[in-house]
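Visitor: Before anything else, here's the structure in question.
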Amino acid sequence: MASRKQILLPIVVTVAGVAMAAGFAAMKAPPPEKVEQVIHPLVEASTLNYEPMTLDVGSYGVVKPKYHTQLVAQVSGQIVDLSDQFVKGGFVKEGQILARIDPNDYEAALIEAEASLAQASSALEIERAQAQVAQAEWTRIKNDATETIPSELYLRKPQLAEKLARYKASQASVKRAKRNLERTYIKAPYDAIVESRDISLGSVLNIGNSLGNLNSTSIAEIRLPVADKDLRHLEKLGVDAEVTLSAKVADQTQSWTGTIVRSEGVIDERSRMSYLVAQVEQPYANVAQPLRFGTYLTAQIKGKEVENAIAVPQHLVRNGQVSILNEDLTLSFKPVHVIREYNGMAIIDAGIDNGAKLITSALEYPSEGMQLRTDSLIETNTQLALKEE
């Protein structure tokens, strides 16, 4: 059996350990009580200022010539001459000879017509002389005649009319022959760039055959689709407005200035767009920066001018209101007047004081009068904490 000493020793050790632990716990200082802090939602805000603004309208289009002409043979024959500039992409001047059709047959036809005209002219003069003789003879013998009115045939009036008609027909033949001879010259109707050429030296043409196509370089046109809701932002529905045209050429953005000259006056049935037509004069005049036909352009049409307006991100306008950060860092909702929404922006012309701070960050449960804080408060508190340490 265990002795009394063996039984009491573990009990004494256990009691002593509990007593020591209790003593150490009593010596430990209690933790300081933390002051409960209310953390307000953190927001970002930007200052709004009214400024003059132009309500430009964006669009797009492809450059095309105002005048496009298909050259067609008006007389038949073989091509005997071609201009070196009459090639695809070549520039030609108004009146420049592009090609020549063999003129021999038409020169011969003109000679024959002029000969016929000379014969008709001679016959007409002879007939006029004979008519004058007949009139004089009738005047001499009319006192002895039983009739006071001579016959038309006696005075040779029908014969004179016939010779006059033949003379006029000969004149028309000469005019026609000259015109046909002139048409053997294929000339440029205006300053142009050659779009295509359909003939070669030695080609034989019939009347109506195509020789090629020309595009006038005097004026370029661009059809610009505009949504109906955007037309109200343009003076006179866009007519006479200035338009800035831009395109990437050789990986560089280039710009040109044009003018809206007319509206097509109808709404496209498929796109429901109205089309305005812009013009740029002398598109190829600037050799270093030509406005080439076929270029795809973006356009900014100058719209109405607003004296005081503010542009804000469209998603910040909810139910016609924006969230404003007041001077005391409270939130308030301000109803605003939006005059336009485009490209993710809303244009406001009333409802906000100049210099107001627009809350740009999202709030989970915003409410009128909610207390907020900004980054500037966080920086101030951090600096104060560093000084205390």
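Numbering starts fresh at 1 for the residues of each chain in the structure tokens, the chains themselves are lettered A, B, ... in the order given, and ligands are numbered from 1 as they appear.
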Determine, counting only C-alpha atoms, which protein, DNA and RNA residues have an atom within 8 Å of an atom of segment 214-231 of chain A; residues of the same chain fewer than 6 positions away are not included. Present the result as number ranges by chain.

Guide: A: 57-71, 190-196, 237-238, 272-284, 293, 299

Visitor: Give me every strand (DSSP E) residue in segment 46-270 of chain A, going by DSSP on the backbone, as an MDAnalysis selection string.

Guide: chainID A and resid 46:47 51:54 57:65 68:72 77:82 91:92 97:101 185:187 192:197 204:205 210:216 219:227 242:249 252:267

Visitor: Keeping C-alpha atoms for every residue in the selection just given, could you write it to a file as a compact mmCIF listing (two decimals), in the first residue's frame?

Guide:
```
# COMPACT_ATOMS: atom_id res chain seq x y z
CA SER A 46 -14.91 65.91 -58.85
CA THR A 47 -15.60 69.64 -59.11
CA GLU A 51 -18.29 76.32 -69.68
CA PRO A 52 -19.28 77.09 -73.29
CA MET A 53 -19.87 73.96 -75.30
CA THR A 54 -20.67 73.04 -78.91
CA VAL A 57 -22.77 65.52 -84.02
CA GLY A 58 -20.63 62.58 -85.09
CA SER A 59 -21.06 60.63 -88.30
CA TYR A 60 -19.12 58.73 -90.95
CA GLY A 61 -19.01 58.27 -94.71
CA VAL A 62 -17.05 57.45 -97.86
CA VAL A 63 -15.52 60.07 -100.16
CA LYS A 64 -17.02 60.15 -103.64
CA PRO A 65 -16.76 62.58 -106.56
CA HIS A 68 -18.77 60.90 -112.40
CA THR A 69 -18.76 60.43 -116.17
CA GLN A 70 -18.64 57.36 -118.37
CA LEU A 71 -17.05 58.24 -121.70
CA VAL A 72 -19.00 56.68 -124.59
CA GLY A 77 -14.02 53.81 -135.88
CA GLN A 78 -10.58 52.66 -134.83
CA ILE A 79 -8.55 54.25 -132.01
CA VAL A 80 -5.45 55.75 -133.62
CA ASP A 81 -4.07 57.78 -130.70
CA LEU A 82 -4.10 57.62 -126.88
CA PHE A 91 -4.95 63.27 -113.82
CA VAL A 92 -6.36 65.07 -116.87
CA ILE A 97 -7.60 65.08 -125.74
CA LEU A 98 -7.61 61.57 -124.28
CA ALA A 99 -7.99 59.52 -127.47
CA ARG A 100 -8.60 59.94 -131.21
CA ILE A 101 -10.80 57.87 -133.49
CA TYR A 185 -11.60 63.62 -130.48
CA ILE A 186 -12.30 62.12 -127.04
CA LYS A 187 -11.88 65.03 -124.61
CA ALA A 192 -10.59 64.69 -113.47
CA ILE A 193 -8.83 61.57 -112.31
CA VAL A 194 -9.20 58.52 -114.55
CA GLU A 195 -11.08 55.76 -112.74
CA SER A 196 -10.78 53.22 -115.55
CA ARG A 197 -9.92 52.88 -119.27
CA VAL A 204 -12.45 49.36 -132.96
CA LEU A 205 -15.46 51.10 -131.50
CA SER A 210 -17.50 52.60 -123.36
CA LEU A 211 -14.07 54.22 -123.45
CA GLY A 212 -13.54 54.67 -119.69
CA ASN A 213 -14.71 56.48 -116.55
CA LEU A 214 -13.69 59.83 -115.11
CA ASN A 215 -14.16 61.34 -111.62
CA SER A 216 -14.18 65.09 -111.28
CA ILE A 219 -15.50 68.73 -105.59
CA ALA A 220 -15.68 65.67 -103.34
CA GLU A 221 -18.89 64.66 -101.59
CA ILE A 222 -19.49 62.58 -98.47
CA ARG A 223 -22.92 61.27 -97.45
CA LEU A 224 -23.20 61.46 -93.67
CA PRO A 225 -25.96 59.54 -91.85
CA VAL A 226 -27.40 61.37 -88.84
CA ALA A 227 -29.94 60.02 -86.37
CA GLU A 242 -18.87 73.20 -90.88
CA VAL A 243 -17.71 69.60 -90.69
CA THR A 244 -14.32 68.20 -89.69
CA LEU A 245 -13.39 65.01 -91.52
CA SER A 246 -10.71 62.62 -90.26
CA ALA A 247 -9.11 59.43 -91.53
CA LYS A 248 -6.04 57.33 -90.95
CA VAL A 249 -3.62 57.48 -93.86
CA GLN A 252 -1.33 58.73 -89.34
CA THR A 253 -4.50 60.69 -88.64
CA GLN A 254 -5.22 63.40 -91.19
CA SER A 255 -8.02 65.96 -91.18
CA TRP A 256 -9.92 68.04 -93.73
CA THR A 257 -12.57 70.72 -93.43
CA GLY A 258 -15.79 70.67 -95.42
CA THR A 259 -19.27 72.16 -95.47
CA ILE A 260 -22.72 70.58 -95.34
CA VAL A 261 -24.35 71.77 -98.57
CA ARG A 262 -27.68 69.96 -98.50
CA SER A 263 -29.88 67.35 -96.93
CA GLU A 264 -31.20 64.52 -99.05
CA GLY A 265 -34.62 65.24 -97.55
CA VAL A 266 -35.71 61.65 -96.90
CA ILE A 267 -35.24 59.07 -94.15
```

Visitor: So which one's closest to Ile348 of chain A, A:Leu117, A:Val317, A:Met370, A:Leu329? Using only C-alpha atoms, please.

Guide: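 Smallest separation from Ile348 of chain A among the options: A:Val317.
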
Visitor: As number ranges by chain, please: the residues near Lys178 of chain A (cut-off 10 Å, only C-alpha atoms, same-chain neighbours under 5 positions excluded).

Guide: A: 106-107, 109-111, 113-114, 172-173, 183

Visitor: Rounded to one decimal in Å, what is the spacing between atom CA of Gly355 of chain A and atom CA of Pro335 of chain A?

Guide: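 These atoms are spaced 16.1 Å apart.
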
Visitor: Could you please write out, as JSON, numbers by chain, every residue of segment 61-304 of chain A that DSSP assigns to helix (DSSP H, G or I)?

Guide: {"A": [104, 105, 106, 107, 108, 109, 110, 111, 112, 113, 114, 115, 116, 117, 118, 119, 120, 121, 122, 123, 124, 125, 126, 127, 128, 129, 130, 131, 132, 133, 134, 135, 136, 137, 138, 139, 140, 141, 142, 143, 144, 157, 158, 159, 160, 161, 162, 163, 164, 165, 166, 167, 168, 169, 170, 171, 172, 173, 174, 175, 176, 177, 178, 179, 180, 181, 182, 228, 229, 230, 231, 235, 236, 237, 238]}

Visitor: Quick one, how far is atom CA of Lys163 of chain A from atom CA of Ala129 of chain A?

Guide: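 Answer for the atom CA of Lys163 of chain A to atom CA of Ala129 of chain A separation: 12.1 Å.
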
Visitor: I want to know what sits within 12 Å of Asn326 of chain A, based on only C-alpha atoms, with residues of the same chain fewer than 4 positions away left out; could you give that as a ChimeraX atom specification?

Guide: /A:45-47,330-334,352-353,355-359,368-374

Visitor: Would you write out those residues with N, CA, C and O atoms, as a PDB file, in the first residue's frame?

Guide:
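The result, stored in selection-v3.pdb:
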```
ATOM      1  N   ALA A  45     -14.966  62.478 -55.452  1.00  0.00           N
ATOM      2  CA  ALA A  45     -15.793  63.546 -56.015  1.00  0.00           C
ATOM      3  C   ALA A  45     -14.939  64.419 -56.923  1.00  0.00           C
ATOM      4  O   ALA A  45     -13.729  64.553 -56.741  1.00  0.00           O
ATOM      5  N   SER A  46     -15.580  64.989 -57.925  1.00  0.00           N
ATOM      6  CA  SER A  46     -14.910  65.911 -58.853  1.00  0.00           C
ATOM      7  C   SER A  46     -15.699  67.211 -58.927  1.00  0.00           C
ATOM      8  O   SER A  46     -16.931  67.204 -58.854  1.00  0.00           O
ATOM      9  N   THR A  47     -14.978  68.313 -59.067  1.00  0.00           N
ATOM     10  CA  THR A  47     -15.604  69.635 -59.105  1.00  0.00           C
ATOM     11  C   THR A  47     -16.157  69.916 -60.495  1.00  0.00           C
ATOM     12  O   THR A  47     -15.499  69.677 -61.509  1.00  0.00           O
ATOM     13  N   THR A 330     -21.959  65.703 -46.591  1.00  0.00           N
ATOM     14  CA  THR A 330     -23.201  64.939 -46.657  1.00  0.00           C
ATOM     15  C   THR A 330     -23.644  64.834 -48.111  1.00  0.00           C
ATOM     16  O   THR A 330     -23.248  65.630 -48.960  1.00  0.00           O
ATOM     17  N   LEU A 331     -24.463  63.842 -48.386  1.00  0.00           N
ATOM     18  CA  LEU A 331     -24.921  63.581 -49.755  1.00  0.00           C
ATOM     19  C   LEU A 331     -26.272  64.232 -49.975  1.00  0.00           C
ATOM     20  O   LEU A 331     -27.147  64.215 -49.088  1.00  0.00           O
ATOM     21  N   SER A 332     -26.434  64.797 -51.162  1.00  0.00           N
ATOM     22  CA  SER A 332     -27.753  65.308 -51.556  1.00  0.00           C
ATOM     23  C   SER A 332     -27.975  65.011 -53.031  1.00  0.00           C
ATOM     24  O   SER A 332     -27.030  64.992 -53.828  1.00  0.00           O
ATOM     25  N   PHE A 333     -29.221  64.757 -53.380  1.00  0.00           N
ATOM     26  CA  PHE A 333     -29.592  64.470 -54.758  1.00  0.00           C
ATOM     27  C   PHE A 333     -30.119  65.749 -55.411  1.00  0.00           C
ATOM     28  O   PHE A 333     -31.002  66.418 -54.857  1.00  0.00           O
ATOM     29  N   LYS A 334     -29.559  66.076 -56.591  1.00  0.00           N
ATOM     30  CA  LYS A 334     -29.952  67.285 -57.303  1.00  0.00           C
ATOM     31  C   LYS A 334     -30.578  66.919 -58.642  1.00  0.00           C
ATOM     32  O   LYS A 334     -29.952  66.243 -59.468  1.00  0.00           O
ATOM     33  N   ILE A 352     -27.384  72.284 -61.292  1.00  0.00           N
ATOM     34  CA  ILE A 352     -26.207  72.148 -60.441  1.00  0.00           C
ATOM     35  C   ILE A 352     -25.561  73.517 -60.292  1.00  0.00           C
ATOM     36  O   ILE A 352     -25.444  74.272 -61.269  1.00  0.00           O
ATOM     37  N   ASP A 353     -25.115  73.842 -59.087  1.00  0.00           N
ATOM     38  CA  ASP A 353     -24.393  75.092 -58.870  1.00  0.00           C
ATOM     39  C   ASP A 353     -22.977  74.967 -59.423  1.00  0.00           C
ATOM     40  O   ASP A 353     -22.380  73.890 -59.379  1.00  0.00           O
ATOM     41  N   GLY A 355     -19.211  74.868 -59.475  1.00  0.00           N
ATOM     42  CA  GLY A 355     -18.264  74.499 -58.437  1.00  0.00           C
ATOM     43  C   GLY A 355     -18.726  73.371 -57.534  1.00  0.00           C
ATOM     44  O   GLY A 355     -18.009  72.992 -56.597  1.00  0.00           O
ATOM     45  N   ALA A 356     -19.906  72.831 -57.784  1.00  0.00           N
ATOM     46  CA  ALA A 356     -20.406  71.719 -56.971  1.00  0.00           C
ATOM     47  C   ALA A 356     -19.527  70.489 -57.177  1.00  0.00           C
ATOM     48  O   ALA A 356     -18.884  70.326 -58.217  1.00  0.00           O
ATOM     49  N   LYS A 357     -19.532  69.610 -56.169  1.00  0.00           N
ATOM     50  CA  LYS A 357     -18.720  68.394 -56.229  1.00  0.00           C
ATOM     51  C   LYS A 357     -19.630  67.208 -56.550  1.00  0.00           C
ATOM     52  O   LYS A 357     -20.542  66.888 -55.785  1.00  0.00           O
ATOM     53  N   LEU A 358     -19.355  66.593 -57.682  1.00  0.00           N
ATOM     54  CA  LEU A 358     -20.130  65.438 -58.127  1.00  0.00           C
ATOM     55  C   LEU A 358     -19.502  64.163 -57.577  1.00  0.00           C
ATOM     56  O   LEU A 358     -18.298  63.928 -57.737  1.00  0.00           O
ATOM     57  N   ILE A 359     -20.312  63.337 -56.922  1.00  0.00           N
ATOM     58  CA  ILE A 359     -19.820  62.052 -56.406  1.00  0.00           C
ATOM     59  C   ILE A 359     -19.681  61.095 -57.579  1.00  0.00           C
ATOM     60  O   ILE A 359     -20.663  60.802 -58.284  1.00  0.00           O
ATOM     61  N   GLU A 368     -30.450  60.542 -48.908  1.00  0.00           N
ATOM     62  CA  GLU A 368     -30.332  61.974 -48.722  1.00  0.00           C
ATOM     63  C   GLU A 368     -29.787  62.286 -47.331  1.00  0.00           C
ATOM     64  O   GLU A 368     -30.262  61.753 -46.314  1.00  0.00           O
ATOM     65  N   GLY A 369     -28.757  63.140 -47.265  1.00  0.00           N
ATOM     66  CA  GLY A 369     -28.158  63.520 -45.998  1.00  0.00           C
ATOM     67  C   GLY A 369     -27.149  62.551 -45.442  1.00  0.00           C
ATOM     68  O   GLY A 369     -26.616  62.772 -44.343  1.00  0.00           O
ATOM     69  N   MET A 370     -26.857  61.483 -46.158  1.00  0.00           N
ATOM     70  CA  MET A 370     -25.885  60.492 -45.682  1.00  0.00           C
ATOM     71  C   MET A 370     -24.526  61.149 -45.456  1.00  0.00           C
ATOM     72  O   MET A 370     -24.062  61.939 -46.267  1.00  0.00           O
ATOM     73  N   GLN A 371     -23.882  60.807 -44.324  1.00  0.00           N
ATOM     74  CA  GLN A 371     -22.562  61.335 -44.016  1.00  0.00           C
ATOM     75  C   GLN A 371     -21.512  60.518 -44.782  1.00  0.00           C
ATOM     76  O   GLN A 371     -21.563  59.284 -44.801  1.00  0.00           O
ATOM     77  N   LEU A 372     -20.554  61.228 -45.382  1.00  0.00           N
ATOM     78  CA  LEU A 372     -19.551  60.582 -46.216  1.00  0.00           C
ATOM     79  C   LEU A 372     -18.157  61.058 -45.817  1.00  0.00           C
ATOM     80  O   LEU A 372     -18.005  61.971 -44.999  1.00  0.00           O
ATOM     81  N   ARG A 373     -17.150  60.441 -46.387  1.00  0.00           N
ATOM     82  CA  ARG A 373     -15.781  60.888 -46.198  1.00  0.00           C
ATOM     83  C   ARG A 373     -15.023  60.746 -47.516  1.00  0.00           C
ATOM     84  O   ARG A 373     -15.435  59.991 -48.399  1.00  0.00           O
ATOM     85  N   THR A 374     -13.930  61.488 -47.627  1.00  0.00           N
ATOM     86  CA  THR A 374     -13.123  61.471 -48.850  1.00  0.00           C
ATOM     87  C   THR A 374     -11.691  61.085 -48.518  1.00  0.00           C
ATOM     88  O   THR A 374     -11.318  60.955 -47.350  1.00  0.00           O
TER      89      THR A 374
END
```
